[in-house]
file start.cif (mmCIF, C-alpha atoms)
data_structure
#
loop_
_atom_site.group_PDB
_atom_site.id
_atom_site.type_symbol
_atom_site.label_atom_id
_atom_site.label_comp_id
_atom_site.auth_asym_id
_atom_site.auth_seq_id
_atom_site.Cartn_x
_atom_site.Cartn_y
_atom_site.Cartn_z
ATOM 1 C CA MET A 1 16.411 18.545 -1.928
ATOM 2 C CA LYS A 2 13.879 21.407 -1.906
ATOM 3 C CA PHE A 3 11.001 21.508 -4.389
ATOM 4 C CA GLY A 4 9.784 24.996 -3.446
ATOM 5 C CA THR A 5 6.449 26.268 -2.199
ATOM 6 C CA ARG A 6 4.358 25.183 -5.180
ATOM 7 C CA VAL A 7 2.560 21.853 -5.193
ATOM 8 C CA ARG A 8 4.116 19.245 -7.451
ATOM 9 C CA VAL A 9 2.378 15.958 -8.136
ATOM 10 C CA PHE A 10 4.313 12.905 -9.302
ATOM 11 C CA PRO A 11 1.993 10.164 -10.604
ATOM 12 C CA PHE A 12 3.284 6.610 -10.181
ATOM 13 C CA ARG A 13 2.021 3.062 -10.377
ATOM 14 C CA PRO A 14 2.863 1.113 -7.220
ATOM 15 C CA ALA A 15 4.613 -2.184 -7.822
ATOM 16 C CA ALA A 16 2.584 -3.867 -5.094
ATOM 17 C CA VAL A 17 -0.732 -3.305 -3.351
ATOM 18 C CA LEU A 18 -1.659 -6.467 -1.468
ATOM 19 C CA ARG A 19 -4.641 -6.998 0.801
ATOM 20 C CA ALA A 20 -4.284 -9.517 3.627
ATOM 21 C CA THR A 21 -7.353 -10.713 5.503
ATOM 22 C CA GLY A 22 -8.261 -13.380 8.027
ATOM 23 C CA GLU A 23 -8.308 -13.893 11.774
ATOM 24 C CA ASP A 24 -4.631 -14.838 11.789
ATOM 25 C CA ALA A 25 -3.451 -11.983 9.534
ATOM 26 C CA LEU A 26 -1.702 -9.991 12.260
ATOM 27 C CA THR A 27 -0.049 -13.003 13.874
ATOM 28 C CA PHE A 28 1.107 -14.349 10.522
ATOM 29 C CA LEU A 29 2.450 -11.052 9.150
ATOM 30 C CA GLN A 30 4.126 -10.269 12.475
ATOM 31 C CA GLY A 31 6.107 -13.494 12.117
ATOM 32 C CA GLN A 32 7.285 -12.587 8.633
ATOM 33 C CA PHE A 33 7.935 -8.818 8.672
ATOM 34 C CA THR A 34 11.018 -7.100 10.101
ATOM 35 C CA GLN A 35 9.034 -4.339 11.814
ATOM 36 C CA ASP A 36 6.641 -4.544 14.741
ATOM 37 C CA LEU A 37 3.059 -4.409 13.437
ATOM 38 C CA LYS A 38 1.284 -4.161 16.777
ATOM 39 C CA PRO A 39 1.296 -0.318 16.773
ATOM 40 C CA CYS A 40 -0.560 -0.453 13.432
ATOM 41 C CA ALA A 41 -3.703 -1.315 15.398
ATOM 42 C CA ASP A 42 -3.726 2.385 16.354
ATOM 43 C CA GLY A 43 -3.532 3.629 12.759
ATOM 44 C CA ARG A 44 0.242 3.779 12.430
ATOM 45 C CA VAL A 45 2.246 2.875 9.331
ATOM 46 C CA ALA A 46 5.149 0.430 9.522
ATOM 47 C CA TYR A 47 7.944 0.347 6.958
ATOM 48 C CA GLY A 48 9.991 -2.833 6.812
ATOM 49 C CA LEU A 49 11.366 -5.749 4.859
ATOM 50 C CA TRP A 50 10.522 -9.271 3.772
ATOM 51 C CA LEU A 51 13.661 -11.391 4.195
ATOM 52 C CA ASN A 52 14.622 -14.943 3.357
ATOM 53 C CA GLN A 53 16.028 -17.445 5.872
ATOM 54 C CA LYS A 54 19.549 -16.078 5.382
ATOM 55 C CA GLY A 55 18.487 -12.527 6.168
ATOM 56 C CA LYS A 56 18.776 -11.371 2.549
ATOM 57 C CA VAL A 57 16.319 -8.784 1.228
ATOM 58 C CA LEU A 58 13.531 -10.020 -1.043
ATOM 59 C CA ALA A 59 11.220 -7.004 -0.890
ATOM 60 C CA ASP A 60 10.085 -4.051 1.180
ATOM 61 C CA SER A 61 6.716 -2.471 1.875
ATOM 62 C CA PHE A 62 4.669 -0.143 3.967
ATOM 63 C CA VAL A 63 2.111 -2.014 6.078
ATOM 64 C CA TRP A 64 -0.975 -0.715 7.850
ATOM 65 C CA LYS A 65 -4.313 -1.918 9.160
ATOM 66 C CA ASP A 66 -7.640 -0.868 7.696
ATOM 67 C CA ALA A 67 -10.798 -2.486 9.047
ATOM 68 C CA ALA A 68 -10.841 -5.424 11.445
ATOM 69 C CA ASP A 69 -8.445 -8.097 10.192
ATOM 70 C CA VAL A 70 -7.726 -6.185 6.946
ATOM 71 C CA TRP A 71 -4.093 -5.304 6.258
ATOM 72 C CA TRP A 72 -2.507 -3.448 3.334
ATOM 73 C CA LEU A 73 1.011 -4.103 1.997
ATOM 74 C CA VAL A 74 2.231 -1.409 -0.404
ATOM 75 C CA SER A 75 5.584 -1.084 -2.168
ATOM 76 C CA TYR A 76 7.007 1.425 -4.650
ATOM 77 C CA PHE A 77 9.334 -0.987 -6.443
ATOM 78 C CA SER A 78 9.046 -4.527 -5.032
ATOM 79 C CA PRO A 79 6.736 -6.585 -7.285
ATOM 80 C CA ALA A 80 3.507 -7.878 -5.793
ATOM 81 C CA ALA A 81 4.239 -11.373 -7.118
ATOM 82 C CA ILE A 82 7.505 -11.533 -5.147
ATOM 83 C CA ILE A 83 5.883 -10.497 -1.863
ATOM 84 C CA ARG A 84 2.883 -12.748 -2.374
ATOM 85 C CA GLU A 85 5.003 -15.788 -3.258
ATOM 86 C CA ARG A 86 7.277 -15.138 -0.290
ATOM 87 C CA LEU A 87 4.328 -15.012 2.122
ATOM 88 C CA GLU A 88 2.175 -17.783 0.675
ATOM 89 C CA SER A 89 5.070 -20.228 0.918
ATOM 90 C CA TYR A 90 4.801 -19.931 4.724
ATOM 91 C CA ILE A 91 1.026 -20.099 5.089
ATOM 92 C CA ILE A 92 0.241 -23.545 6.491
ATOM 93 C CA ALA A 93 -2.793 -23.690 8.754
ATOM 94 C CA ASP A 94 -3.117 -19.915 9.139
ATOM 95 C CA ASP A 95 -6.424 -18.186 8.438
ATOM 96 C CA VAL A 96 -4.864 -15.689 6.020
ATOM 97 C CA THR A 97 -5.846 -14.745 2.472
ATOM 98 C CA LEU A 98 -3.677 -12.593 0.218
ATOM 99 C CA GLU A 99 -5.197 -10.697 -2.705
ATOM 100 C CA ASP A 100 -3.283 -8.739 -5.321
ATOM 101 C CA GLU A 101 -5.057 -5.367 -5.668
ATOM 102 C CA THR A 102 -2.221 -3.604 -7.509
ATOM 103 C CA GLU A 103 -4.150 -2.978 -10.740
ATOM 104 C CA ASN A 104 -6.966 -1.273 -8.835
ATOM 105 C CA TRP A 105 -4.843 1.563 -7.449
ATOM 106 C CA GLU A 106 -2.787 4.513 -8.666
ATOM 107 C CA GLY A 107 -0.283 6.529 -6.707
ATOM 108 C CA PHE A 108 0.512 10.228 -6.430
ATOM 109 C CA THR A 109 3.550 11.589 -4.608
ATOM 110 C CA LEU A 110 3.007 15.193 -3.522
ATOM 111 C CA VAL A 111 5.776 17.593 -2.534
ATOM 112 C CA GLY A 112 5.987 21.309 -1.824
ATOM 113 C CA ASP A 113 5.114 23.491 1.134
ATOM 114 C CA GLU A 114 1.477 23.769 0.032
ATOM 115 C CA ALA A 115 0.934 20.054 -0.598
ATOM 116 C CA ALA A 116 -0.993 19.514 2.637
ATOM 117 C CA THR A 117 -3.345 22.380 1.815
ATOM 118 C CA TRP A 118 -3.900 21.051 -1.701
ATOM 119 C CA LEU A 119 -4.655 17.580 -0.360
ATOM 120 C CA ALA A 120 -7.151 18.928 2.129
ATOM 121 C CA GLN A 121 -8.959 20.730 -0.701
ATOM 122 C CA THR A 122 -9.319 17.450 -2.599
ATOM 123 C CA GLY A 123 -11.179 15.908 0.323
ATOM 124 C CA VAL A 124 -8.315 13.789 1.647
ATOM 125 C CA SER A 125 -7.919 13.755 5.426
ATOM 126 C CA LEU A 126 -4.373 14.368 6.645
ATOM 127 C CA PRO A 127 -2.995 11.701 9.004
ATOM 128 C CA GLY A 128 -1.025 12.261 12.160
ATOM 129 C CA GLU A 129 2.686 11.588 12.479
ATOM 130 C CA ASN A 130 3.693 8.079 11.316
ATOM 131 C CA ALA A 131 0.031 7.335 10.631
ATOM 132 C CA VAL A 132 -2.212 6.620 7.651
ATOM 133 C CA SER A 133 -5.454 8.295 6.658
ATOM 134 C CA ILE A 134 -8.039 5.953 5.110
ATOM 135 C CA GLY A 135 -11.239 7.125 3.440
ATOM 136 C CA SER A 136 -13.320 7.072 0.282
ATOM 137 C CA ALA A 137 -10.701 9.230 -1.501
ATOM 138 C CA GLY A 138 -7.985 6.648 -0.849
ATOM 139 C CA MET A 139 -5.121 6.208 1.590
ATOM 140 C CA LEU A 140 -2.520 8.820 2.553
ATOM 141 C CA TRP A 141 0.769 8.555 4.438
ATOM 142 C CA ARG A 142 4.296 9.971 4.578
ATOM 143 C CA GLY A 143 6.671 8.358 2.100
ATOM 144 C CA ARG A 144 10.339 7.464 1.691
ATOM 145 C CA ARG A 145 11.528 9.461 -1.295
ATOM 146 C CA GLY A 146 14.495 11.365 0.109
ATOM 147 C CA VAL A 147 12.324 14.478 0.270
ATOM 148 C CA ASP A 148 9.382 15.520 2.453
ATOM 149 C CA ALA A 149 6.492 13.943 0.585
ATOM 150 C CA TRP A 150 2.948 12.656 0.919
ATOM 151 C CA GLU A 151 1.944 9.394 -0.743
ATOM 152 C CA TRP A 152 -1.655 9.190 -1.920
ATOM 153 C CA LEU A 153 -2.987 5.814 -3.022
ATOM 154 C CA ARG A 154 -6.182 6.444 -4.970
ATOM 155 C CA PRO A 155 -8.705 3.968 -6.461
ATOM 156 C CA ARG A 156 -8.414 3.961 -10.255
ATOM 157 C CA ALA A 157 -12.164 3.516 -10.448
ATOM 158 C CA HIS A 158 -12.519 7.165 -9.394
ATOM 159 C CA GLY A 159 -11.408 8.260 -12.875
ATOM 160 C CA ALA A 160 -9.025 11.039 -13.904
ATOM 161 C CA LEU A 161 -7.721 13.309 -11.163
ATOM 162 C CA ASP A 162 -8.314 17.050 -11.494
ATOM 163 C CA LEU A 163 -4.948 18.546 -10.521
ATOM 164 C CA GLY A 164 -6.230 22.094 -10.217
ATOM 165 C CA ALA A 165 -3.320 24.446 -9.440
ATOM 166 C CA ALA A 166 -0.843 21.633 -8.896
ATOM 167 C CA GLU A 167 1.950 20.900 -11.387
ATOM 168 C CA ILE A 168 2.894 17.503 -12.789
ATOM 169 C CA GLY A 169 6.416 16.639 -11.699
ATOM 170 C CA ASP A 170 9.049 14.841 -13.734
ATOM 171 C CA ALA A 171 9.738 11.367 -12.342
ATOM 172 C CA GLU A 172 13.464 12.037 -12.814
ATOM 173 C CA GLU A 173 13.248 14.763 -10.152
ATOM 174 C CA LEU A 174 11.928 12.277 -7.626
ATOM 175 C CA GLU A 175 14.590 9.735 -8.556
ATOM 176 C CA ARG A 176 17.276 12.388 -8.137
ATOM 177 C CA ALA A 177 15.991 13.230 -4.654
ATOM 178 C CA ARG A 178 16.032 9.552 -3.682
ATOM 179 C CA ILE A 179 19.551 8.914 -4.935
ATOM 180 C CA THR A 180 20.904 12.144 -3.458
ATOM 181 C CA ALA A 181 19.517 11.132 -0.059
ATOM 182 C CA ALA A 182 20.846 7.554 -0.514
ATOM 183 C CA VAL A 183 17.412 5.985 -0.055
ATOM 184 C CA PRO A 184 17.632 2.504 -1.597
ATOM 185 C CA ALA A 185 15.096 1.228 -4.097
ATOM 186 C CA ILE A 186 14.303 -2.412 -3.371
ATOM 187 C CA PRO A 187 15.143 -4.765 -5.022
ATOM 188 C CA ARG A 188 17.157 -2.587 -7.447
ATOM 189 C CA ASP A 189 19.715 -1.269 -4.938
ATOM 190 C CA ILE A 190 19.304 -3.946 -2.266
ATOM 191 C CA GLY A 191 18.088 -7.385 -3.269
ATOM 192 C CA PRO A 192 18.292 -11.138 -2.711
ATOM 193 C CA SER A 193 22.103 -11.100 -2.565
ATOM 194 C CA ASP A 194 22.248 -8.322 0.019
ATOM 195 C CA LEU A 195 21.761 -7.770 3.743
ATOM 196 C CA PRO A 196 19.689 -4.833 5.086
ATOM 197 C CA GLN A 197 22.696 -3.524 7.044
ATOM 198 C CA GLU A 198 24.604 -3.029 3.801
ATOM 199 C CA ALA A 199 22.219 -0.167 3.032
ATOM 200 C CA GLY A 200 21.819 1.108 6.589
ATOM 201 C CA LEU A 201 18.233 -0.188 6.726
ATOM 202 C CA GLU A 202 18.652 -1.516 10.247
ATOM 203 C CA VAL A 203 17.811 1.999 11.469
ATOM 204 C CA SER A 204 14.489 2.496 9.677
ATOM 205 C CA ALA A 205 13.244 -0.944 8.659
ATOM 206 C CA ILE A 206 14.125 -3.426 11.406
ATOM 207 C CA SER A 207 12.889 -3.942 14.944
ATOM 208 C CA PHE A 208 15.330 -5.629 17.315
ATOM 209 C CA THR A 209 12.754 -5.953 20.101
ATOM 210 C CA LYS A 210 9.607 -7.394 18.458
ATOM 211 C CA GLY A 211 10.566 -11.061 18.700
ATOM 212 C CA CYS A 212 10.862 -13.768 16.064
ATOM 213 C CA TYR A 213 10.408 -13.343 12.313
ATOM 214 C CA LEU A 214 11.992 -14.976 9.286
ATOM 215 C CA GLY A 215 15.645 -13.867 9.140
ATOM 216 C CA GLN A 216 15.583 -12.524 12.704
ATOM 217 C CA GLU A 217 18.493 -14.631 13.937
ATOM 218 C CA VAL A 218 20.773 -13.242 11.232
ATOM 219 C CA MET A 219 19.639 -9.690 12.014
ATOM 220 C CA ALA A 220 20.317 -10.168 15.730
ATOM 221 C CA ARG A 221 23.778 -11.603 15.054
ATOM 222 C CA LEU A 222 24.734 -8.734 12.743
ATOM 223 C CA HIS A 223 23.355 -6.233 15.251
ATOM 224 C CA ALA A 224 25.620 -7.693 17.936
ATOM 225 C CA MET A 225 28.648 -7.775 15.627
ATOM 226 C CA GLY A 226 28.003 -4.330 14.135
ATOM 227 C CA GLN A 227 30.020 -5.058 10.985
ATOM 228 C CA VAL A 228 29.312 -5.698 7.315
ATOM 229 C CA ARG A 229 31.909 -5.823 4.563
ATOM 230 C CA ARG A 230 29.962 -3.992 1.890
ATOM 231 C CA ARG A 231 27.973 -0.773 1.804
ATOM 232 C CA LEU A 232 25.612 0.983 -0.552
ATOM 233 C CA LEU A 233 27.434 4.284 -1.019
ATOM 234 C CA PRO A 234 26.744 7.488 -2.955
ATOM 235 C CA VAL A 235 29.095 8.105 -5.875
ATOM 236 C CA VAL A 236 29.638 11.102 -8.143
ATOM 237 C CA ALA A 237 30.807 10.859 -11.730
ATOM 238 C CA ALA A 238 33.996 12.585 -12.839
ATOM 239 C CA VAL A 239 33.689 15.346 -15.421
ATOM 240 C CA GLY A 240 33.044 13.992 -18.891
ATOM 241 C CA VAL A 241 32.209 10.433 -17.813
ATOM 242 C CA GLU A 242 29.080 9.120 -19.496
ATOM 243 C CA MET A 243 26.401 7.459 -17.414
ATOM 244 C CA PRO A 244 26.182 3.691 -18.130
ATOM 245 C CA THR A 245 23.230 2.749 -20.300
ATOM 246 C CA THR A 246 22.838 -0.603 -18.519
ATOM 247 C CA LEU A 247 22.716 -1.173 -14.770
ATOM 248 C CA PRO A 248 24.092 -2.722 -12.681
ATOM 249 C CA ALA A 249 27.554 -1.806 -13.964
ATOM 250 C CA ASP A 250 30.845 -3.124 -12.547
ATOM 251 C CA VAL A 251 32.971 -0.786 -10.442
ATOM 252 C CA PHE A 252 36.751 -1.240 -10.125
ATOM 253 C CA SER A 253 39.567 0.009 -7.966
ATOM 254 C CA GLY A 254 42.577 -0.419 -10.196
ATOM 255 C CA GLU A 255 42.324 -3.909 -11.653
ATOM 256 C CA LYS A 256 40.113 -5.226 -8.859
ATOM 257 C CA ARG A 257 36.337 -5.372 -9.125
ATOM 258 C CA ILE A 258 34.981 -4.049 -5.814
ATOM 259 C CA GLY A 259 31.271 -3.778 -6.521
ATOM 260 C CA GLU A 260 28.672 -2.423 -8.870
ATOM 261 C CA LEU A 261 26.764 0.734 -9.670
ATOM 262 C CA ARG A 262 23.073 0.002 -9.126
ATOM 263 C CA SER A 263 21.247 3.320 -9.559
ATOM 264 C CA ALA A 264 22.180 6.462 -11.449
ATOM 265 C CA CYS A 265 20.571 9.772 -12.408
ATOM 266 C CA ALA A 266 21.588 13.023 -14.050
ATOM 267 C CA ASP A 267 22.424 16.003 -11.840
ATOM 268 C CA SER A 268 19.942 18.858 -11.896
ATOM 269 C CA SER A 269 22.462 20.892 -13.906
ATOM 270 C CA GLY A 270 22.428 18.235 -16.620
ATOM 271 C CA GLU A 271 26.238 18.368 -16.740
ATOM 272 C CA GLY A 272 27.016 15.305 -14.645
ATOM 273 C CA TRP A 273 25.481 12.408 -12.817
ATOM 274 C CA ARG A 274 25.512 10.553 -9.513
ATOM 275 C CA GLY A 275 24.444 7.181 -8.263
ATOM 276 C CA LEU A 276 24.372 4.509 -5.599
ATOM 277 C CA ALA A 277 26.956 1.714 -5.698
ATOM 278 C CA MET A 278 27.294 -1.429 -3.619
ATOM 279 C CA LEU A 279 31.005 -1.529 -2.792
ATOM 280 C CA SER A 280 33.371 -3.605 -0.711
ATOM 281 C CA THR A 281 34.568 -1.343 2.096
ATOM 282 C CA LEU A 282 37.606 -3.426 3.059
ATOM 283 C CA GLY A 283 40.552 -1.077 2.678
ATOM 284 C CA LEU A 284 38.458 1.467 0.765
ATOM 285 C CA PRO A 285 39.673 4.993 1.656
ATOM 286 C CA ALA A 286 37.271 7.919 1.822
ATOM 287 C CA ASP A 287 39.098 9.588 -1.080
ATOM 288 C CA ALA A 288 39.020 6.472 -3.262
ATOM 289 C CA THR A 289 38.897 6.938 -7.028
ATOM 290 C CA LEU A 290 36.989 4.309 -8.940
ATOM 291 C CA SER A 291 36.594 3.282 -12.561
ATOM 292 C CA LEU A 292 33.977 1.521 -14.657
ATOM 293 C CA VAL A 293 36.516 -0.711 -16.424
ATOM 294 C CA ALA A 294 39.411 -2.699 -14.972
ATOM 295 C CA GLY A 295 42.494 -0.485 -14.802
ATOM 296 C CA GLY A 296 40.580 2.356 -16.421
ATOM 297 C CA PRO A 297 40.686 6.093 -15.766
ATOM 298 C CA THR A 298 38.958 7.667 -12.785
ATOM 299 C CA ALA A 299 35.200 7.640 -13.348
ATOM 300 C CA LEU A 300 33.700 7.900 -9.866
ATOM 301 C CA THR A 301 34.485 9.352 -6.478
ATOM 302 C CA LEU A 302 32.667 8.680 -3.232
ATOM 303 C CA GLY A 303 29.984 11.277 -2.606
ATOM 304 C CA SER A 304 29.020 12.845 0.677
ATOM 305 C CA ALA A 305 26.812 10.701 2.886
ATOM 306 C CA PRO A 306 23.423 12.298 3.654
ATOM 307 C CA GLN A 307 23.200 14.017 7.023
#
call {"tool": "encode", "arguments": {"input": "start.cif", "output": "structure tokens"}}
result
Amino acid sequence: MKFGTRVRVFPFRPAAVLRATGEDALTFLQGQFTQDLKPCADGRVAYGLWLNQKGKVLADSFVWKDAADVWWLVSYFSPAAIIRERLESYIIADDVTLEDETENWEGFTLVGDEAATWLAQTGVSLPGENAVSIGSAGMLWRGRRGVDAWEWLRPRAHGALDLGAAEIGDAEELERARITAAVPAIPRDIGPSDLPQEAGLEVSAISFTKGCYLGQEVMARLHAMGQVRRRLLPVVAAVGVEMPTTLPADVFSGEKRIGELRSACADSSGEGWRGLAMLSTLGLPADATLSLVAGGPTALTLGSAPQ
């Protein structure tokens, strides 16, 4: 999805900004996170997951290193309390302290061809590829929104932000870009009852070479098998079908419940809607027609997978 040449700023409040400190912080986090954190010592950003023992998804986050033994865990949608509880339950004799800093930060997603120029004018240093920039103005990195975007985490203590020539974007636009690109929101689209592979997250969020972490054995087994029985798939509403007011909503093939609609948003035209649905793929044809009630009329068709 293209947002044009102008700069559009989408304010958001991150669900989690956690600060991990202590001599054992790297070793401990490395044994819990699905991605390899060692490259973060060179200023890189890692995106990955926090799993339970069965390999199910509890939360996601970006992780990077700031000063010596200071690590940041930031998530769009996964609550700080969930991540903190998950990690603290495995701290035994480790020299690690977790602090919830979520209320001290605000987020701005910036899109548009001139976003980098606008950021530079605000005094924010631009990071290199797959890296984070850290300074007095905050922290900046590339995000996961389904569109080329910068994520700027800014201290709330700095007061109101002067947007200058930038425009405030509608959060619905950003949600539409995410759903259109089939980027899952965690834990809304993928949660404690789901495996990462069911949303294709093994490509972007899991390392199969870093060594042991919680849930690693399940990930390795699924990687060897290469099969899951459900998938998070894009769906498009049939003409005239109203978008459910409550999600998740059951999805049926004939009389059989085959999954649920987990995210939905209006099309840019305002005349229809699309979403992401977790569906059983056993015997599901590419041209399947789906309904929102058992034995009901066609309500959804499978959309095109993002390229």
call {"tool": "resolve_selection", "arguments": {"input": "start.cif", "expression": "the PyMOL selection byres ((chain A and resi 100) around 10)", "output": "ChimeraX atom specification"}}
result
/A:16-20,73,80-81,83-84,98-99,101-104
call {"tool": "residues_around", "arguments": {"input": "start.cif", "residues": "Glu175 in chain A", "least_positions_apart": "2", "cutoff": "10 Å", "atoms": "all atoms listed in the file", "output": "PyMOL selection string"}}
result
chain A and resi 145-146+170-173+177-181+183+185+263-266
call {"tool": "closest_residue", "arguments": {"input": "start.cif", "among": "A:Gly295, A:Leu284, A:Ala15, A:Tyr213", "to": "Gly48 in chain A", "atoms": "all atoms listed in the file"}}
result
A:Tyr213
call {"tool": "resolve_selection", "arguments": {"input": "start.cif", "expression": "the PyMOL selection byres ((chain A and resi 25) around 8)", "output": "list in words"}}
result
Ala20, Thr21, Gly22, Glu23, Asp24, Leu26, Thr27, Phe28, Leu29, Asp69, Val70, Trp71, Asp94, Asp95, Val96 and Thr97 of chain A
call {"tool": "resolve_selection", "arguments": {"input": "start.cif", "expression": "the PyMOL selection byres ((chain A and resi 189) around 8)", "output": "MDAnalysis selection string"}}
result
chainID A and resid 184:188 190:191 232 262:263 276:278
call {"tool": "closest_residue", "arguments": {"input": "start.cif", "among": "A:Ala137, A:Leu161, A:Leu247, A:Leu37", "to": "Pro11 in chain A", "atoms": "only C-alpha atoms"}}
result
A:Leu161
call {"tool": "atom_distance", "arguments": {"input": "start.cif", "atom1": "CA of Ser253 in chain A", "atom2": "CA of Glu202 in chain A"}}
result
27.8 Å
call {"tool": "decode", "arguments": {"input": "start.cif", "residues": "range 220-231 of chain A", "atoms": "N, CA and C atoms", "output": "compact mmCIF listing (two decimals), in the first residue's frame"}}
result
# COMPACT_ATOMS: atom_id res chain seq x y z
N ALA A 220 11.81 -26.67 16.09
CA ALA A 220 12.69 -27.51 15.28
C ALA A 220 11.92 -28.68 14.67
N ARG A 221 11.03 -29.27 15.43
CA ARG A 221 10.24 -30.40 14.92
C ARG A 221 9.33 -29.96 13.78
N LEU A 222 8.66 -28.82 13.96
CA LEU A 222 7.78 -28.32 12.90
C LEU A 222 8.58 -27.91 11.67
N HIS A 223 9.78 -27.38 11.89
CA HIS A 223 10.63 -26.99 10.76
C HIS A 223 11.01 -28.21 9.94
N ALA A 224 11.28 -29.33 10.62
CA ALA A 224 11.64 -30.56 9.92
C ALA A 224 10.44 -31.17 9.20
N MET A 225 9.26 -31.07 9.83
CA MET A 225 8.05 -31.63 9.23
C MET A 225 7.52 -30.75 8.10
N GLY A 226 7.60 -29.42 8.30
CA GLY A 226 7.15 -28.49 7.28
C GLY A 226 5.66 -28.44 7.07
N GLN A 227 4.87 -28.85 8.07
CA GLN A 227 3.41 -28.90 7.88
C GLN A 227 2.69 -28.38 9.12
N VAL A 228 1.69 -27.55 8.92
CA VAL A 228 0.73 -27.20 9.95
C VAL A 228 -0.66 -27.36 9.34
N ARG A 229 -1.66 -27.54 10.16
CA ARG A 229 -3.00 -27.82 9.66
C ARG A 229 -3.91 -26.60 9.61
N ARG A 230 -3.40 -25.49 10.09
CA ARG A 230 -4.18 -24.25 10.04
C ARG A 230 -3.28 -23.13 9.51
N ARG A 231 -3.91 -22.10 8.97
CA ARG A 231 -3.17 -20.95 8.48
C ARG A 231 -3.97 -19.68 8.73
